[in-house]
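**Student:** Compact mmCIF, C-alpha atoms, file upload-v2.txt:
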```
# COMPACT_ATOMS: atom_id res chain seq x y z
CA MET Y 1 -5.35 -5.94 -8.15
CA THR Y 2 -5.84 -9.46 -9.52
CA LEU Y 3 -8.29 -10.00 -6.65
CA VAL Y 4 -10.19 -6.94 -7.80
CA ALA Y 5 -10.09 -8.19 -11.38
CA GLY Y 6 -11.90 -11.30 -10.12
CA LEU Y 7 -14.45 -9.13 -8.28
CA ARG Y 8 -14.91 -6.99 -11.37
CA ALA Y 9 -15.59 -10.08 -13.49
CA ALA Y 10 -18.32 -11.06 -11.02
CA SER Y 11 -19.81 -7.57 -10.94
CA PHE Y 12 -19.78 -7.42 -14.77
CA GLY Y 13 -21.47 -10.83 -14.95
CA ILE Y 14 -18.68 -12.45 -17.00
CA PRO Y 15 -16.47 -15.48 -16.25
CA PHE Y 16 -13.11 -13.68 -16.26
CA GLN Y 17 -11.51 -10.26 -16.37
CA PRO Y 18 -8.40 -9.23 -18.32
CA VAL Y 19 -5.80 -7.43 -16.20
CA ALA Y 20 -2.61 -5.51 -17.00
CA GLY Y 21 0.79 -6.76 -15.85
CA VAL Y 22 1.32 -10.07 -13.97
CA HIS Y 23 3.97 -11.09 -16.54
CA GLY Y 24 7.02 -12.43 -14.72
CA SER Y 25 5.10 -13.24 -11.52
CA GLU Y 26 4.94 -16.79 -10.15
CA LEU Y 27 1.46 -15.97 -8.85
CA ALA Y 28 0.23 -16.86 -12.35
CA ARG Y 29 1.64 -20.39 -12.08
CA VAL Y 30 0.44 -21.18 -8.55
CA ASN Y 31 -3.04 -19.78 -9.27
CA HIS Y 32 -3.29 -21.38 -12.74
CA TRP Y 33 -4.01 -18.03 -14.41
CA GLN Y 34 -4.15 -18.16 -18.20
CA THR Y 35 -3.33 -15.61 -20.88
CA LEU Y 36 -5.41 -14.77 -23.95
CA ARG Y 37 -4.03 -13.31 -27.16
CA ASP Y 38 -5.70 -9.98 -28.07
CA PRO Y 39 -8.37 -11.11 -30.58
CA TYR Y 40 -8.14 -7.72 -32.31
CA GLY Y 41 -4.63 -8.28 -33.55
CA SER Y 42 -2.27 -6.22 -31.32
CA GLY Y 43 -0.31 -9.39 -30.59
CA THR Y 44 -0.48 -8.70 -26.83
CA ASP Y 45 -0.98 -11.59 -24.42
CA VAL Y 46 -3.22 -10.54 -21.51
CA TYR Y 47 -3.74 -12.41 -18.24
CA VAL Y 48 -7.38 -13.23 -17.50
CA ILE Y 49 -8.47 -13.70 -13.86
CA PRO Y 50 -11.46 -15.94 -13.07
CA ALA Y 51 -14.54 -14.32 -11.51
CA ILE Y 52 -14.71 -14.15 -7.70
CA ARG Y 53 -18.30 -13.93 -6.45
CA PRO Y 54 -18.36 -13.60 -2.66
CA ASP Y 55 -21.44 -14.99 -0.92
CA ILE Y 56 -21.60 -11.98 1.39
CA ALA Y 57 -19.94 -8.55 1.50
CA VAL Y 58 -19.92 -6.75 4.85
CA ILE Y 59 -18.97 -3.08 4.86
CA HIS Y 60 -18.97 -0.34 7.46
CA ALA Y 61 -20.57 2.99 6.47
CA ALA Y 62 -20.72 6.43 8.05
CA GLU Y 63 -24.49 6.87 7.78
CA ILE Y 64 -27.47 4.76 6.80
CA ASP Y 65 -31.22 5.41 6.51
CA GLU Y 66 -34.01 2.99 7.35
CA LEU Y 67 -34.13 1.88 3.69
CA GLY Y 68 -30.48 0.78 3.83
CA ASN Y 69 -29.04 3.60 1.72
CA ALA Y 70 -25.43 3.77 2.94
CA ARG Y 71 -23.23 6.87 2.79
CA ILE Y 72 -19.44 6.95 3.03
CA TYR Y 73 -17.15 9.95 3.49
CA GLY Y 74 -13.59 10.02 2.26
CA SER Y 75 -12.10 7.12 0.33
CA PRO Y 76 -14.39 4.16 -0.35
CA PHE Y 77 -11.26 1.93 -0.68
CA TRP Y 78 -12.68 -1.33 -2.18
CA ASP Y 79 -16.30 -0.96 -1.04
CA HIS Y 80 -17.64 -0.33 -4.54
CA PRO Y 81 -16.37 -3.47 -6.32
CA LEU Y 82 -16.96 -5.57 -3.17
CA THR Y 83 -20.63 -4.64 -2.87
CA ARG Y 84 -21.23 -5.10 -6.61
CA ALA Y 85 -19.52 -8.51 -6.80
CA ALA Y 86 -21.14 -10.16 -3.77
CA LYS Y 87 -24.43 -12.07 -3.79
CA ARG Y 88 -25.58 -10.45 -0.56
CA VAL Y 89 -24.62 -7.15 1.09
CA LEU Y 90 -24.67 -6.45 4.83
CA VAL Y 91 -23.87 -3.02 6.25
CA THR Y 92 -22.92 -1.73 9.67
CA ALA Y 93 -23.08 2.04 10.09
CA GLU Y 94 -22.05 4.70 12.58
CA LYS Y 95 -25.51 6.27 12.72
CA LEU Y 96 -29.05 6.21 11.41
CA VAL Y 97 -30.09 9.33 9.48
CA PRO Y 98 -33.34 10.42 7.81
CA THR Y 99 -33.65 9.60 4.11
CA ASP Y 100 -34.14 13.32 3.40
CA ARG Y 101 -30.54 13.92 4.49
CA LEU Y 102 -29.28 11.44 1.86
CA ARG Y 103 -31.52 13.04 -0.78
CA GLU Y 104 -29.58 16.29 -0.34
CA GLN Y 105 -26.41 14.71 -1.78
CA PRO Y 106 -27.30 11.36 -3.37
CA GLU Y 107 -23.82 11.04 -4.94
CA LEU Y 108 -22.41 10.32 -1.46
CA THR Y 109 -24.53 7.17 -1.17
CA LEU Y 110 -22.20 4.31 -2.06
CA VAL Y 111 -24.72 1.49 -1.74
CA PRO Y 112 -28.40 2.04 -2.54
CA GLY Y 113 -30.84 0.44 -0.13
CA PHE Y 114 -32.26 -2.04 -2.65
CA MET Y 115 -28.89 -3.85 -2.65
CA VAL Y 116 -28.66 -4.08 1.14
CA GLU Y 117 -30.16 -7.19 2.75
CA ALA Y 118 -29.71 -6.05 6.34
CA PHE Y 119 -27.96 -3.42 8.39
CA ALA Y 120 -27.04 -2.68 11.98
CA VAL Y 121 -26.28 0.68 13.56
CA VAL Y 122 -22.97 0.22 15.39
CA PRO Y 123 -21.34 3.43 16.64
CA GLY Y 124 -17.59 2.90 16.74
CA GLY Y 125 -17.98 -0.23 14.56
CA GLY Y 126 -14.82 0.54 12.61
CA TRP Y 127 -12.68 0.17 15.73
CA PRO Y 128 -9.73 -0.39 16.05
CA GLY Y 129 -9.59 0.94 12.49
CA SER Y 130 -10.53 4.46 11.54
CA MET Y 131 -13.82 5.92 10.36
CA HIS Y 132 -13.31 9.11 8.48
CA PRO Y 133 -14.08 11.78 9.62
CA ASP Y 134 -15.36 10.60 13.03
CA TYR Y 135 -12.33 8.83 14.50
CA GLU Y 136 -8.80 7.76 13.70
CA ILE Y 137 -7.01 4.43 13.99
CA ASP Y 138 -6.60 3.34 17.63
CA TYR Y 139 -2.90 2.48 17.31
CA PRO Y 140 -2.41 1.44 20.97
CA ALA Y 141 -5.32 -1.05 20.61
CA VAL Y 142 -3.79 -2.48 17.42
CA GLU Y 143 -0.42 -2.83 19.15
CA ARG Y 144 -1.95 -4.60 22.17
CA TYR Y 145 -3.77 -6.98 19.83
CA MET Y 146 -0.54 -7.84 18.01
CA ALA Y 147 0.98 -9.39 21.14
CA ASP Y 148 1.21 -13.19 20.91
CA ALA Y 149 0.07 -14.04 24.44
CA PRO Y 150 -2.79 -15.83 26.19
CA GLY Y 151 -5.97 -13.80 26.64
CA VAL Y 152 -5.05 -11.12 24.08
CA LEU Y 153 -7.90 -12.00 21.72
CA GLU Y 154 -10.47 -12.09 24.55
CA GLN Y 155 -9.22 -8.77 25.91
CA HIS Y 156 -9.38 -7.24 22.41
CA LEU Y 157 -12.94 -8.43 21.84
CA SER Y 158 -14.10 -7.17 25.22
CA GLU Y 159 -12.73 -3.69 24.41
CA ALA Y 160 -14.74 -3.40 21.18
CA PRO Y 161 -17.04 -0.37 21.42
CA GLU Y 162 -20.25 -2.33 20.86
CA VAL Y 163 -19.35 -4.84 23.59
CA ALA Y 164 -17.88 -2.30 26.02
CA GLY Y 165 -20.91 -0.04 25.40
CA LEU Y 166 -23.35 -2.84 26.19
CA ALA Y 167 -21.45 -3.76 29.33
CA ALA Y 168 -21.57 -0.15 30.52
CA LYS Y 169 -25.31 -0.03 29.81
CA ALA Y 170 -25.92 -3.24 31.75
CA ARG Y 171 -24.07 -1.82 34.76
CA SER Y 172 -26.06 1.42 34.79
CA MET J 1 25.48 16.99 8.34
CA LYS J 2 25.86 13.33 9.24
CA TRP J 3 23.55 10.59 8.03
CA THR J 4 21.52 8.45 10.38
CA PRO J 5 20.11 5.11 9.13
CA PHE J 6 16.66 6.74 9.05
CA SER J 7 17.70 9.93 7.27
CA PHE J 8 19.74 7.93 4.74
CA VAL J 9 16.75 5.79 3.75
CA VAL J 10 14.12 8.55 3.69
CA ILE J 11 16.23 11.23 1.96
CA ASN J 12 17.59 8.84 -0.67
CA LEU J 13 14.02 7.66 -1.35
CA ALA J 14 12.97 11.30 -1.73
CA ARG J 15 15.83 11.89 -4.17
CA GLN J 16 14.25 9.36 -6.54
CA ILE J 17 11.28 11.71 -7.03
CA ARG J 18 11.41 13.84 -10.18
CA ALA J 19 9.80 17.11 -11.22
CA GLY J 20 6.43 16.91 -12.91
CA GLU J 21 5.89 13.24 -12.18
CA ILE J 22 2.91 11.45 -10.68
CA THR J 23 4.23 9.61 -7.61
CA PHE J 24 2.40 7.01 -5.51
CA SER J 25 2.94 5.45 -2.08
CA GLY J 26 0.96 2.43 -0.90
CA VAL J 27 0.20 0.33 2.19
CA ASN J 28 2.88 -0.54 4.74
CA SER J 29 5.03 2.20 3.19
CA THR J 30 5.63 4.65 6.00
CA LEU J 31 9.20 5.53 4.92
CA PRO J 32 8.24 6.36 1.29
CA MET J 33 5.21 8.30 2.58
CA ILE J 34 7.59 10.43 4.67
CA ALA J 35 9.93 10.71 1.66
CA CYS J 36 7.10 12.09 -0.51
CA LEU J 37 6.08 14.58 2.18
CA LEU J 38 9.76 15.54 2.60
CA ALA J 39 10.21 16.12 -1.14
CA LYS J 40 7.23 18.47 -1.08
CA ARG J 41 8.90 20.55 1.61
CA ALA J 42 12.58 20.30 0.65
CA TYR J 43 12.71 20.45 -3.14
CA ASP J 44 12.16 23.36 -5.43
CA PHE J 45 9.96 21.55 -7.96
CA ASP J 46 6.39 20.36 -8.32
CA PHE J 47 5.24 16.78 -8.54
CA THR J 48 1.89 15.10 -7.91
CA TYR J 49 1.67 12.94 -4.79
CA ILE J 50 -1.15 10.41 -4.53
CA ASN J 51 -1.48 7.69 -1.91
CA VAL J 52 -3.30 4.50 -1.06
CA ALA J 53 -5.66 6.25 1.36
CA GLY J 54 -7.15 8.05 -1.65
CA GLY J 55 -5.33 11.36 -1.11
CA VAL J 56 -4.31 13.63 -3.97
CA GLU J 57 -1.82 16.35 -3.01
CA PRO J 58 -2.78 15.99 0.67
CA GLN J 59 -1.82 18.54 3.30
CA PRO J 60 -1.66 16.32 6.39
CA VAL J 61 -1.57 18.05 9.75
CA THR J 62 0.06 15.04 11.41
CA VAL J 63 2.11 12.22 9.90
CA PRO J 64 0.35 8.93 10.73
CA LEU J 65 2.13 5.73 11.72
CA SER J 66 0.26 3.86 8.98
CA SER J 67 0.70 4.92 5.36
CA SER J 68 -2.94 3.99 4.66
CA ASP J 69 -4.34 6.12 7.48
CA PRO J 70 -7.04 8.57 6.26
CA ALA J 71 -4.95 11.27 8.00
CA ILE J 72 -2.94 11.48 4.76
CA VAL J 73 -6.06 12.40 2.82
CA HIS J 74 -6.45 15.59 4.86
CA GLY J 75 -6.49 18.66 2.63
CA SER J 76 -7.00 16.70 -0.61
CA ALA J 77 -9.26 18.40 -3.14
CA ALA J 78 -10.08 15.00 -4.68
CA ILE J 79 -10.50 11.41 -3.58
CA PHE J 80 -8.69 9.07 -5.95
CA ALA J 81 -9.48 5.68 -4.43
CA ASN J 82 -8.10 2.20 -4.99
CA GLN J 83 -9.77 1.37 -8.29
CA ASP J 84 -8.64 4.70 -9.72
CA PHE J 85 -4.96 4.58 -8.81
CA TYR J 86 -4.56 0.93 -9.81
CA ASP J 87 -6.22 1.61 -13.14
CA LEU J 88 -4.05 4.69 -13.62
CA CYS J 89 -0.98 2.51 -13.07
CA ALA J 90 -2.29 -0.23 -15.37
CA ARG J 91 -2.72 2.22 -18.25
CA GLY J 92 0.78 3.62 -17.81
CA GLY J 93 -0.12 6.81 -15.94
CA LEU J 94 1.97 6.37 -12.78
CA ASP J 95 5.54 7.62 -13.21
CA LEU J 96 6.97 6.50 -9.87
CA VAL J 97 5.57 3.88 -7.49
CA PHE J 98 7.10 2.91 -4.14
CA LEU J 99 6.58 -0.83 -3.55
CA GLY J 100 7.87 -2.80 -0.58
CA CYS J 101 9.65 -6.15 -0.55
CA ALA J 102 10.52 -8.92 1.90
CA GLN J 103 13.18 -10.25 -0.47
CA ILE J 104 14.70 -8.65 -3.57
CA ASP J 105 17.17 -9.97 -6.14
CA ALA J 106 19.76 -8.30 -8.39
CA GLU J 107 17.23 -7.78 -11.19
CA GLY J 108 14.78 -6.00 -8.90
CA ARG J 109 12.27 -8.83 -8.69
CA THR J 110 10.44 -8.93 -5.37
CA ASN J 111 9.00 -11.52 -3.01
CA VAL J 112 6.16 -10.50 -0.71
CA SER J 113 4.39 -13.89 -0.80
CA ALA J 114 6.24 -16.57 1.16
CA ILE J 115 9.56 -17.45 2.83
CA GLY J 116 10.34 -21.10 2.16
CA SER J 117 8.23 -22.96 -0.38
CA TRP J 118 4.90 -21.65 -1.64
CA LYS J 119 3.07 -24.83 -0.58
CA ASN J 120 4.72 -25.22 2.81
CA PRO J 121 6.16 -21.82 3.75
CA ARG J 122 8.16 -21.05 6.87
CA VAL J 123 6.51 -17.62 6.80
CA ARG J 124 3.38 -16.74 4.85
CA LEU J 125 3.73 -13.07 3.90
CA PRO J 126 0.83 -10.64 3.38
CA GLY J 127 0.91 -10.82 -0.42
CA GLY J 128 1.55 -8.45 -3.25
CA GLY J 129 -1.15 -5.84 -2.74
CA GLY J 130 -1.13 -5.27 -6.48
CA ALA J 131 2.65 -5.59 -6.95
CA ALA J 132 2.33 -8.15 -9.78
CA VAL J 133 0.36 -5.55 -11.73
CA MET J 134 2.17 -2.39 -10.60
CA LEU J 135 5.81 -3.48 -10.94
CA PRO J 136 5.51 -4.18 -14.69
CA THR J 137 3.09 -1.31 -15.50
CA ALA J 138 4.46 1.66 -13.51
CA LYS J 139 7.13 3.56 -15.42
CA ARG J 140 9.57 3.34 -12.47
CA VAL J 141 9.37 1.48 -9.18
CA VAL J 142 11.55 2.13 -6.13
CA THR J 143 11.84 -0.13 -3.09
CA TRP J 144 13.56 0.01 0.31
CA ARG J 145 14.63 -2.09 3.26
CA ALA J 146 15.07 -0.79 6.83
CA ASP J 147 17.72 -3.50 7.22
CA HIS J 148 20.54 -4.37 4.82
CA SER J 149 21.03 -8.12 5.07
CA THR J 150 21.66 -11.25 3.04
CA ARG J 151 18.28 -12.38 4.36
CA ALA J 152 16.49 -9.68 2.33
CA LEU J 153 18.93 -8.93 -0.52
CA VAL J 154 19.18 -12.41 -2.01
CA ASP J 155 20.73 -14.19 -4.97
CA LYS J 156 17.56 -16.21 -5.51
CA LEU J 157 14.06 -15.34 -4.30
CA ASP J 158 12.04 -17.99 -2.49
CA PHE J 159 9.10 -16.88 -4.66
CA VAL J 160 8.78 -14.30 -7.44
CA THR J 161 5.75 -12.16 -6.58
CA ALA J 162 6.49 -9.41 -9.08
CA SER J 163 8.93 -8.51 -11.81
CA GLY J 164 9.29 -5.40 -13.93
CA HIS J 165 10.34 -1.78 -13.77
CA MET J 166 12.30 -1.67 -10.52
CA THR J 167 14.88 1.13 -10.73
CA ALA J 168 16.22 1.64 -7.20
CA LEU J 169 16.71 -0.09 -3.85
CA VAL J 170 17.51 2.05 -0.81
CA THR J 171 18.81 0.67 2.50
CA PRO J 172 20.49 2.34 5.50
CA LEU J 173 23.84 1.55 3.84
CA ALA J 174 23.35 1.83 0.10
CA VAL J 175 21.50 3.07 -2.96
CA PHE J 176 21.42 0.52 -5.78
CA THR J 177 20.02 1.45 -9.19
CA ARG J 178 19.18 -0.39 -12.41
CA GLU J 179 17.43 0.33 -15.70
CA PRO J 180 13.74 -0.61 -15.92
CA GLN J 181 14.56 -3.27 -18.50
CA GLU J 182 14.74 -7.05 -18.42
CA GLY J 183 18.23 -8.32 -17.63
CA SER J 184 19.47 -5.05 -16.09
CA ARG J 185 21.13 -5.68 -12.71
CA PHE J 186 21.45 -3.46 -9.66
CA ARG J 187 24.72 -1.58 -9.43
CA LEU J 188 25.89 0.28 -6.36
CA GLU J 189 25.39 3.99 -7.06
CA HIS J 190 25.78 5.57 -3.62
CA PHE J 191 26.84 4.31 -0.24
CA ASN J 192 26.57 5.66 3.28
CA PRO J 193 30.02 7.12 4.09
CA SER J 194 29.83 5.45 7.51
CA THR J 195 30.18 2.09 5.77
CA SER J 196 32.39 0.59 3.05
CA ILE J 197 31.87 -1.25 -0.20
CA ASN J 198 33.39 -4.33 1.45
CA GLN J 199 30.84 -4.20 4.24
CA ILE J 200 27.99 -3.73 1.78
CA THR J 201 29.25 -6.70 -0.26
CA ALA J 202 29.36 -8.85 2.88
CA GLN J 203 25.77 -7.94 3.77
CA THR J 204 24.34 -8.40 0.25
CA GLY J 205 23.25 -11.79 -1.09
CA PHE J 206 23.59 -10.87 -4.78
CA ARG J 207 26.69 -9.84 -6.73
CA PHE J 208 26.73 -6.25 -7.96
CA GLU J 209 28.87 -3.85 -9.97
CA HIS J 210 30.36 -1.04 -7.87
CA SER J 211 33.12 0.54 -9.95
CA GLN J 212 31.23 3.86 -10.25
CA ALA J 213 29.98 3.91 -6.65
CA GLN J 214 30.31 7.20 -4.76
CA PRO J 215 29.55 8.26 -1.21
CA ALA J 216 26.01 9.68 -1.14
CA PRO J 217 26.00 13.50 -1.32
CA PRO J 218 25.41 14.73 2.24
CA PRO J 219 21.91 15.74 3.27
CA THR J 220 21.10 19.37 2.57
CA GLU J 221 19.87 21.86 5.12
CA PHE J 222 16.44 21.76 3.43
CA GLU J 223 16.25 17.97 3.65
CA ILE J 224 17.31 17.90 7.31
CA VAL J 225 14.85 20.63 8.31
CA ALA J 226 11.99 18.94 6.44
CA LEU J 227 12.79 15.57 7.97
CA HIS J 228 12.92 17.02 11.47
CA ASP J 229 9.60 18.76 10.84
CA LEU J 230 7.99 15.43 9.83
CA ASP J 231 9.44 13.45 12.75
CA ARG J 232 9.68 15.92 15.61
CA ASP J 233 9.65 13.35 18.39
CA GLY J 234 11.92 10.88 16.57
CA SER J 235 9.36 8.06 16.68
CA PHE J 236 9.78 7.24 12.97
CA ALA J 237 13.57 7.39 13.22
CA ALA J 238 13.36 4.73 15.94
CA THR J 239 11.92 2.25 13.40
CA VAL J 240 15.15 2.22 11.34
CA ALA J 241 17.95 0.76 13.41
CA GLY J 242 20.33 0.33 10.49
```
Just give me the structure of the file as structure tokens.
**Tutor:**
Amino acid sequence: MTLVAGLRAASFGIPFQPVAGVHGSELARVNHWQTLRDPYGSGTDVYVIPAIRPDIAVIHAAEIDELGNARIYGSPFWDHPLTRAAKRVLVTAEKLVPTDRLREQPELTLVPGFMVEAFAVVPGGGWPGSMHPDYEIDYPAVERYMADAPGVLEQHLSEAPEVAGLAAKARS
Amino acid sequence: MKWTPFSFVVINLARQIRAGEITFSGVNSTLPMIACLLAKRAYDFDFTYINVAGGVEPQPVTVPLSSSDPAIVHGSAAIFANQDFYDLCARGGLDLVFLGCAQIDAEGRTNVSAIGSWKNPRVRLPGGGGAAVMLPTAKRVVTWRADHSTRALVDKLDFVTASGHMTALVTPLAVFTREPQEGSRFRLEHFNPSTSINQITAQTGFRFEHSQAQPAPPPTEFEIVALHDLDRDGSFAATVAG
């Protein structure tokens, strides 16, 4: 929430963002967050979080057109503030669709193409996470990856759909 | 009906939910997620359930292992995503929020940041996930532990991540409650009849008042049926050893 306040400050083009709460948290001390007194006289002290401007935001979308317009189904989680706060936006997407399809329901486009520097079409790119509504979380893959043992990372990477797909293609 | 560690935690979490309220469950909160779904089935009142996956009054077909799985958006007529539910909380619109803790003290402050010192921790924890904003701005916050130990229920937190309107702590052995006001301390309200106040005292790192403590009212038929329906193969029950 304080992280998002920082992202919001960046997307609003201001140096800091007021945020509710935080009182009584030691996070304020270790992060050197300051309070400001309400200048309009309520007497309330509000924490202000410094702007966080990521160099690059990378998000995964359901569909994208050749102009970079990216559509998401279901919850966008933090994709909106992330893409607005970052200096550059990169997108991976499940599939390429014609722009006319996006024109039918423009409100489903979360990131307009003019904001997108580059994109790649990566079917299964959300793995081992979910991509609503195409596929769910691959819990067994997450559990295998959690093991603290030699070779687990390499095995995990080799199972990624884009890598496994390429390997299958090379064999055929 | 006898309690199990799992049924004690989930049903006593569900009993914190009140009619007409807006209730929220977040990430890494599988037990409260099940409690909210149980309350929908078992109790004869309406409340609004929203969750971190963006679901509003979802009608999930399956209960996912992760409480942020889009499976608990299924059947929602609206998407109320992260910015929306945090802002709702910040402006005082969330009545009940379930927030997790690694450590908790007698005044309901939580640590989800670090075990050991902040600068040189023995364990770096995942972080608050909004707790520092939600604990003081939600009207009521309820937390839980799948274990009841002096490791988690402590006299002094290693780090104070969040402080505010905590009103209940549920473990496999006990239900502690406090007022959502500064200085109010947890008191033992209900205990699992399979344990004793002495045993709870021995396994709790903070001192607590227990003169009014009662055995928890046994689970009702409705609660047991709903819980069984949500965990048919017992895989969630297996996560709470007690």
**Student:** Please list as a ChimeraX atom specification every residue within 10 Å of Y:Ala160, counting only C-alpha atoms and excluding residues in the same chain fewer than 4 positions away.
**Tutor:** /Y:124-128,141,155-156,164-166
**Student:** Can I get the selected residues back with C-alpha atoms, as a JSON list (two decimals), in the frame of the given file?
**Tutor:**
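Contents of the output file again25.json:
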```
[["chain", "number", "residue", "atom", "x", "y", "z"],
["Y", 124, "GLY", "CA", -17.59, 2.90, 16.74],
["Y", 125, "GLY", "CA", -17.98, -0.23, 14.56],
["Y", 126, "GLY", "CA", -14.82, 0.54, 12.61],
["Y", 127, "TRP", "CA", -12.68, 0.17, 15.73],
["Y", 128, "PRO", "CA", -9.73, -0.39, 16.05],
["Y", 141, "ALA", "CA", -5.32, -1.05, 20.61],
["Y", 155, "GLN", "CA", -9.22, -8.77, 25.91],
["Y", 156, "HIS", "CA", -9.38, -7.24, 22.41],
["Y", 164, "ALA", "CA", -17.88, -2.30, 26.02],
["Y", 165, "GLY", "CA", -20.91, -0.04, 25.40],
["Y", 166, "LEU", "CA", -23.35, -2.84, 26.19]]
```
**Student:** By how many Å are atom CA of J:Ala114 and atom CA of J:Arg145 apart?
**Tutor:** 16.9 Å
**Student:** So which one's closest to chain Y, J:Pro219, J:Pro136, J:Gly234, J:Gly205? Using only C-alpha atoms, please.
**Tutor:**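 For chain Y, the nearest of the given residues is J:Pro136.
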**Student:** Give me, as a Markdown table, the closest atom pair and its distance (Å, one decimal) for every residue of stretch 42-146 of chain J within a cut-off of 9 Å of stretch 152-174 of chain J, counting only C-alpha atoms, rows sorted by chain and rising number.
**Tutor:**
```
| residue | atom | partner | partner_atom | distance |
| --- | --- | --- | --- | --- |
| J:Cys101 | CA | J:Ala152 | CA | 8.2 |
| J:Ala102 | CA | J:Ala152 | CA | 6.0 |
| J:Gln103 | CA | J:Ala152 | CA | 4.4 |
| J:Ile104 | CA | J:Leu153 | CA | 5.2 |
| J:Asp105 | CA | J:Val154 | CA | 5.2 |
| J:Ala106 | CA | J:Asp155 | CA | 6.9 |
| J:Glu107 | CA | J:Met166 | CA | 7.9 |
| J:Gly108 | CA | J:Met166 | CA | 5.2 |
| J:Arg109 | CA | J:Ser163 | CA | 4.6 |
| J:Thr110 | CA | J:Ala162 | CA | 5.4 |
| J:Asn111 | CA | J:Thr161 | CA | 4.9 |
| J:Val112 | CA | J:Thr161 | CA | 6.1 |
| J:Ser113 | CA | J:Thr161 | CA | 6.2 |
| J:Ala114 | CA | J:Phe159 | CA | 6.5 |
| J:Ile115 | CA | J:Asp158 | CA | 5.9 |
| J:Gly116 | CA | J:Asp158 | CA | 5.8 |
| J:Ser117 | CA | J:Asp158 | CA | 6.6 |
| J:Trp118 | CA | J:Phe159 | CA | 7.0 |
| J:Gly127 | CA | J:Thr161 | CA | 7.9 |
| J:Gly128 | CA | J:Thr161 | CA | 6.5 |
| J:Ala131 | CA | J:Ala162 | CA | 5.8 |
| J:Ala132 | CA | J:Ala162 | CA | 4.4 |
| J:Val133 | CA | J:Ala162 | CA | 7.7 |
| J:Met134 | CA | J:Ala162 | CA | 8.4 |
| J:Leu135 | CA | J:Gly164 | CA | 5.0 |
| J:Pro136 | CA | J:Gly164 | CA | 4.0 |
| J:Thr137 | CA | J:His165 | CA | 7.5 |
| J:Ala138 | CA | J:His165 | CA | 6.8 |
| J:Lys139 | CA | J:His165 | CA | 6.4 |
| J:Arg140 | CA | J:His165 | CA | 5.3 |
| J:Val141 | CA | J:Met166 | CA | 4.5 |
| J:Val142 | CA | J:Ala168 | CA | 4.8 |
| J:Thr143 | CA | J:Leu169 | CA | 4.9 |
| J:Trp144 | CA | J:Val170 | CA | 4.6 |
| J:Arg145 | CA | J:Thr171 | CA | 5.1 |
| J:Ala146 | CA | J:Thr171 | CA | 5.9 |
```
**Student:** Counting only C-alpha atoms, which residues in stretch 78-167 of chain J sit no more than 10 Å from stretch 78-91 of chain Y? For each one, give the nearest pair of atoms and the distance in Å, sorted by chain then residue number, as a Markdown table.
**Tutor:**
```
| residue | atom | partner | partner_atom | distance |
| --- | --- | --- | --- | --- |
| J:Ala81 | CA | Y:Trp78 | CA | 8.0 |
| J:Asn82 | CA | Y:Trp78 | CA | 6.4 |
| J:Gln83 | CA | Y:Trp78 | CA | 7.3 |
```
**Student:** So that all listed atoms of stretch 70-78 of chain J fit with 4 Å spare on each side, what axis-aligned box centre and edge lengths in Å, to one decimal, would you give as lines of an AutoDock Vina configuration file?
**Tutor:**
```
center_x = -6.5
center_y = 13.6
center_z = 1.7
size_x = 15.1
size_y = 18.1
size_z = 20.7
```
**Student:** One decimal, Å: what's the distance from atom CA of Y:Leu157 over to atom CA of Y:Val97, could you say?
**Tutor:**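 So the answer is 27.6 Å.
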**Student:** Quick one: distance from atom CA of Y:Pro39 to atom CA of Y:Ala20 in Å, one decimal?
**Tutor:**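 One can read the atom CA of Y:Pro39 to atom CA of Y:Ala20 distance as 15.8 Å.
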**Student:** Starting from chain Y, keep only residues with some atom at most 9 Å from an atom of chain J, counting only C-alpha atoms, and report them as number ranges by chain.
**Tutor:** Y: 1-4, 19-27, 30, 74-78, 80-81, 129-133, 136-137, 139
